[in-house]
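Colleague: I am attaching a structure below and will ask some questions about it afterwards.
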Amino acid sequence: MAGYLDRDVEGSRNSAAVIVDGRVATRYDKHSLPTYRVFDEARYFAPGSRLSIVTVNGVRLGLVVCEDIWQPGGSVAAYASAGVDLLLCLNASPFEQGKDTIRHSVVQRRATEIGTPIAYVNAVGGQDELVFDGGSLVLGPDGSTWGRSPQFVEHLLIVDVDAPTDPVADSPAVAGWTIDRVALPDVAISGWQRTEPSLAQPLGVEDQVWGALVTGLRDYVHKNGFRSVTLGLSGGIDSAVVATIAVDALGADAVYAVSMPSEFSSEHSRIDAEDLAARTGIHFRTEPISQLVAGFVDQLHLTGVAEENVQARCRGIVLMALSSTFGHLVLATGNKSELAVGYSTIYGDAVGGFAPIKDVPKTLVWGLARWRNESAIDRGDVPPIPESSIDKPPSAELRPGQLDTDSLPGYDTLDAILFRYVDHDQGVADIVAAGFDASVVADVVRKVDMAEHKRRQFPIGTKVTSRAFGRDRRMPITVGRGAYEPPM
């Protein structure tokens, strides 16, 4: 079986084909076309209305594609009426936190509804901001798990399924559907022995997110023809985590880190950057930006925020110059919390071709750093991230004594508000009713709404939460800046 794009008189189709001896024996056109969040299929495809039932050695197999199994009724229920012994579902189901559990529950529900085993085959790999995490399943008619593949790796899953002793009789017709029945030549089987199927256990939260981030970066780099990446290594937690993801995805020799200190950069930040480079074995160089900054400040007479931002933009110039010279892909190191409230500099720390942690809230960035270090210790390896990068208060270091909390609430509070507003569409009144300070909530919501123009210009990055910025959350840039009031 193979998924492919087809076209007929009614339009384009999202299809699956059964291929035998180099020829297409039958095809199935996806019926349920998702058009929500990251999906836009109804804009491109026409829905199918044909059931494809393939009989092999007397066993009747029905074909469905991805969203068909997520929706009650539809082609899945139609197959149950038509009479099948096993349902095969081809999928490119993208990862997000908790998706593996939800996916298993959905397939389990469908299997018990129709009383038929289901083989749910999921893709593995990255495609732009989406990552497909595998975790293919075979479930019995009672919802029990007969086989399960590991996540984030290609895997051959073999499950022996007994033919039904009392199969449902074929139905000659199902209202609203055309039935295409194809009998394939019987296959002689010799020397067969029943095998114990793989039952891979689901990964933990941090393990899943890290696997998605590594897979997303690795495939984006390789599939787009890059051989190496570069990033600004500040000594802070965000760039430390991005550098470590890059090492796990590409190997240390493909990662080029640049320390770009200014007069406001602390000594401990420089030391932490060097320490991480030494621990991981990545390429490391130091390019001070003080003279570059001074040139802009003196010529343009910059002060205040403009002087702060020119530091970030000088760092962006350095990274893009190195990219143009050596062909590196520049990695932006901003996280979801900063991106949400616009705590970044356009054409500064926002430059790059890929942003690995753009959908990772700051509190989870810390959690991933601790988890990655603990995992290294458990394996007997050197923890890649210096403890001081994890423990010190976050700062952009664009002015003396600057801390993130000068401009933002604490990240525990900020991420909790963002989770409700961005991920779950709660309004100000609902968030305040949950116990948050009204003025803080209003300020955070205002910042989120006003920062859409920055997010539109940020590089793409791997989706790991239920609502990522971009295709997942499409909002206008123009919201009336003159007399803005946060939505209640």
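Chain lettering (A, B, ...) mirrors the order of the structure tokens, residue numbering begins at 1 for each chain separately, and ligand numbering begins at 1 in order of display.
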Neighbours of Thr280 of chain A within 7 Å (only C-alpha atoms; same-chain residues fewer than 3 positions away dropped), as a VMD selection string?
Modeller: chain A and resid 252 276 to 277 384
Colleague: With 12 Å as the cut-off and only C-alpha atoms counted, what is the closest atom pair between each nearby residue of segment 102-161 of chain A and segment 18-40 of chain A? Distances in Å to one decimal, ordered by chain and number, as JSON lines.
Modeller:
{"residue": "A:Asp128", "atom": "CA", "partner": "A:Val38", "partner_atom": "CA", "distance": 11.7}
{"residue": "A:Glu129", "atom": "CA", "partner": "A:Val38", "partner_atom": "CA", "distance": 9.8}
{"residue": "A:Leu130", "atom": "CA", "partner": "A:Val38", "partner_atom": "CA", "distance": 8.8}
{"residue": "A:Val131", "atom": "CA", "partner": "A:Val38", "partner_atom": "CA", "distance": 11.9}
Colleague: Going by DSSP on the backbone, which residues of segment 86-301 of chain A come out as alpha helix (DSSP H)? List them as a VMD selection string.
Modeller: chain A and resid 99 to 114 205 to 223 237 to 250 267 to 280 290 to 300
Colleague: Would you work out the distance separating atom CA of Pro150 of chain A from atom CA of Gly135 of chain A, expressed in Å to one decimal?
Modeller: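 Going from atom CA of Pro150 of chain A over to atom CA of Gly135 of chain A, I get 5.1 Å.
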Colleague: Please provide the set of residues having any atom within 8 Å of Leu184 of chain A, restricted to only C-alpha atoms, with same-chain residues fewer than 5 positions apart removed, written as a PDB file with C-alpha atoms, in the first residue's frame.
Modeller:
ATOM      1  CA  VAL A  54      -9.333  -6.231  -0.882  1.00  0.00           C
ATOM      2  CA  THR A  55      -9.571  -9.979  -0.259  1.00  0.00           C
ATOM      3  CA  VAL A  56      -6.311 -11.866   0.318  1.00  0.00           C
ATOM      4  CA  ASN A  57      -6.389 -15.580   1.211  1.00  0.00           C
TER       5      ASN A  57
END
Colleague: Do a neighbour search on Asp423 of chain A at 8 Å with only C-alpha atoms, toss out local chain neighbours closer than 2 positions, and write the hits as a CSV table (one decimal) with N, CA and C atoms, in the first residue's frame.
Modeller:
chain,number,residue,atom,x,y,z
A,418,LEU,N,-0.6,32.2,29.3
A,418,LEU,CA,-0.5,31.9,27.8
A,418,LEU,C,-1.1,30.6,27.5
A,419,PHE,N,-1.0,29.6,28.3
A,419,PHE,CA,-1.6,28.3,28.1
A,419,PHE,C,-3.1,28.4,28.0
A,420,ARG,N,-3.7,29.2,28.8
A,420,ARG,CA,-5.1,29.5,28.8
A,420,ARG,C,-5.6,30.3,27.6
A,421,TYR,N,-4.8,31.4,27.3
A,421,TYR,CA,-5.2,32.3,26.3
A,421,TYR,C,-4.9,31.8,24.9
A,425,ASP,N,-7.9,29.4,24.1
A,425,ASP,CA,-8.9,30.4,23.7
A,425,ASP,C,-9.7,31.0,24.9
A,465,THR,N,3.2,21.8,20.9
A,465,THR,CA,2.0,22.0,21.7
A,465,THR,C,0.8,21.9,20.9
A,466,SER,N,-0.4,22.0,21.7
A,466,SER,CA,-1.7,21.8,21.0
A,466,SER,C,-2.0,23.0,20.1
A,467,ARG,N,-1.4,24.1,20.3
A,467,ARG,CA,-1.7,25.3,19.5
A,467,ARG,C,-0.4,26.1,19.3
A,468,ALA,N,0.2,25.9,18.2
A,468,ALA,CA,1.4,26.6,17.9
A,468,ALA,C,1.1,27.8,17.1
Colleague: What's the 8 Å shell around Asp349 of chain A, counting only C-alpha atoms, without same-chain residues fewer than 2 positions away, as a PyMOL selection string?
Modeller: chain A and resi 312-313+315-316+332-334+344-347+351
Colleague: Keeping C-alpha atoms, export the residues of the selection given above as a PDB file, in the first residue's frame.
Modeller:
ATOM      1  CA  ALA A 312      20.617  42.058  18.822  1.00  0.00           C
ATOM      2  CA  ARG A 313      20.629  43.170  15.188  1.00  0.00           C
ATOM      3  CA  ARG A 315      24.409  39.662  16.280  1.00  0.00           C
ATOM      4  CA  GLY A 316      21.951  38.818  13.517  1.00  0.00           C
ATOM      5  CA  ALA A 332      16.935  31.191  15.990  1.00  0.00           C
ATOM      6  CA  THR A 333      16.819  30.408  19.707  1.00  0.00           C
ATOM      7  CA  GLY A 334      13.603  32.134  20.849  1.00  0.00           C
ATOM      8  CA  SER A 344      12.367  39.563  20.765  1.00  0.00           C
ATOM      9  CA  THR A 345      13.982  41.851  18.203  1.00  0.00           C
ATOM     10  CA  ILE A 346      12.929  41.683  14.560  1.00  0.00           C
ATOM     11  CA  TYR A 347      16.026  41.233  12.356  1.00  0.00           C
ATOM     12  CA  VAL A 351      16.937  36.019  12.264  1.00  0.00           C
TER      13      VAL A 351
END
Colleague: Out of segment 256-486 of chain A, which residues get strand (DSSP E or B) from DSSP, as a PyMOL selection string?
Modeller: chain A and resi 256-259+283-286+329-331+354+470+473
Colleague: Quick one: everything within 12 Å of Ser144 of chain A, counting only C-alpha atoms, minus sequence neighbours fewer than 2 positions away in the same chain. Send it as a CSV table (one decimal) with N, CA and C atoms, in the first residue's frame.
Modeller:
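Ended up saving to out20.csv:
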chain,number,residue,atom,x,y,z
A,104,HIS,N,-4.3,6.7,20.4
A,104,HIS,CA,-4.6,5.4,20.9
A,104,HIS,C,-6.0,5.2,21.3
A,105,SER,N,-6.5,6.2,22.0
A,105,SER,CA,-7.9,6.2,22.5
A,105,SER,C,-8.9,6.2,21.3
A,107,VAL,N,-8.4,5.2,18.1
A,107,VAL,CA,-8.3,3.9,17.4
A,107,VAL,C,-9.0,2.8,18.2
A,108,GLN,N,-8.8,2.9,19.5
A,108,GLN,CA,-9.5,1.9,20.4
A,108,GLN,C,-11.0,2.0,20.3
A,109,ARG,N,-11.5,3.2,20.3
A,109,ARG,CA,-12.9,3.5,20.2
A,109,ARG,C,-13.5,3.0,18.9
A,110,ARG,N,-12.8,3.2,17.8
A,110,ARG,CA,-13.3,2.8,16.5
A,110,ARG,C,-13.3,1.2,16.4
A,111,ALA,N,-12.2,0.6,16.9
A,111,ALA,CA,-12.1,-0.9,16.8
A,111,ALA,C,-13.3,-1.5,17.6
A,112,THR,N,-13.6,-1.0,18.7
A,112,THR,CA,-14.7,-1.6,19.5
A,112,THR,C,-16.1,-1.2,18.9
A,115,GLY,N,-16.2,-3.6,15.9
A,115,GLY,CA,-15.9,-5.0,16.2
A,115,GLY,C,-14.9,-5.6,15.3
A,116,THR,N,-13.9,-4.8,14.8
A,116,THR,CA,-12.9,-5.3,13.8
A,116,THR,C,-11.5,-4.9,14.2
A,117,PRO,N,-10.5,-5.7,14.0
A,117,PRO,CA,-9.1,-5.2,14.3
A,117,PRO,C,-8.8,-4.1,13.4
A,118,ILE,N,-7.9,-3.2,13.9
A,118,ILE,CA,-7.5,-2.0,13.1
A,118,ILE,C,-5.9,-2.0,13.1
A,137,LEU,N,0.1,1.2,15.4
A,137,LEU,CA,-0.7,0.4,16.4
A,137,LEU,C,-1.4,-0.7,15.6
A,138,VAL,N,-1.6,-1.8,16.3
A,138,VAL,CA,-2.6,-2.8,15.8
A,138,VAL,C,-3.4,-3.2,17.0
A,139,LEU,N,-4.7,-2.9,16.9
A,139,LEU,CA,-5.7,-3.1,18.0
A,139,LEU,C,-6.7,-4.2,17.7
A,140,GLY,N,-7.1,-5.0,18.7
A,140,GLY,CA,-8.1,-6.0,18.4
A,140,GLY,C,-9.5,-5.5,18.5
A,141,PRO,N,-10.5,-6.3,18.1
A,141,PRO,CA,-11.8,-5.8,18.0
A,141,PRO,C,-12.4,-5.4,19.4
A,142,ASP,N,-11.8,-5.9,20.5
A,142,ASP,CA,-12.2,-5.5,21.8
A,142,ASP,C,-11.4,-4.3,22.3
A,146,TRP,N,-2.6,-5.1,20.3
A,146,TRP,CA,-1.9,-6.3,19.9
A,146,TRP,C,-0.4,-6.0,19.5
A,147,GLY,N,-0.2,-4.8,19.1
A,147,GLY,CA,1.2,-4.4,18.7
A,147,GLY,C,1.3,-2.9,18.7
A,148,ARG,N,2.6,-2.5,19.0
A,148,ARG,CA,2.8,-1.0,19.0
A,148,ARG,C,4.3,-0.8,18.6
A,199,LEU,N,5.7,-4.4,21.5
A,199,LEU,CA,4.7,-3.6,22.3
A,199,LEU,C,5.5,-2.5,23.0
Colleague: Would you pick out the contacts of Ala321 of chain A at 12 Å or less, using only C-alpha atoms, so that residues sharing its chain but fewer than 2 positions from it are not included, and give the list as an MDAnalysis selection string?
Modeller: chainID A and resid 230:231 258 287 314:319 323:330 351:352
Colleague: Please dump the current selection as a short mmCIF file (atom, residue, chain, number, x, y, z; two decimals), in the first residue's frame; keep C-alpha atoms.
Modeller:
data_model
loop_
_atom_site.label_atom_id
_atom_site.label_comp_id
_atom_site.auth_asym_id
_atom_site.auth_seq_id
_atom_site.Cartn_x
_atom_site.Cartn_y
_atom_site.Cartn_z
CA THR A 230 25.09 27.99 13.27
CA LEU A 231 23.63 29.81 16.25
CA VAL A 258 29.24 31.88 17.99
CA GLU A 287 33.06 37.54 17.70
CA CYS A 314 24.42 43.25 15.06
CA ARG A 315 24.41 39.66 16.28
CA GLY A 316 21.95 38.82 13.52
CA ILE A 317 24.26 40.42 10.94
CA VAL A 318 27.20 38.33 12.19
CA LEU A 319 25.25 35.08 12.00
CA SER A 323 25.75 31.68 6.92
CA SER A 324 26.39 33.35 3.57
CA THR A 325 30.10 32.55 3.78
CA PHE A 326 29.98 28.93 4.91
CA GLY A 327 26.46 27.79 3.99
CA HIS A 328 25.26 27.18 7.55
CA LEU A 329 21.56 27.26 8.36
CA VAL A 330 21.05 29.88 11.07
CA VAL A 351 16.94 36.02 12.26
CA GLY A 352 17.38 32.51 10.97
#
Colleague: What does the distance from atom CA of Ala77 of chain A to atom CA of Thr145 of chain A come to in Å, to one decimal?
Modeller: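 Straight-line distance from atom CA of Ala77 of chain A to atom CA of Thr145 of chain A works out to 20.7 Å.
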Colleague: Using only C-alpha atoms, which of A:Pro261, A:Gly216, A:Pro172, A:Pro409 sits nearest Ile289 of chain A?
Modeller: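 Of A:Pro261, A:Gly216, A:Pro172, A:Pro409, the one nearest Ile289 of chain A, counting only C-alpha atoms, is A:Pro261.
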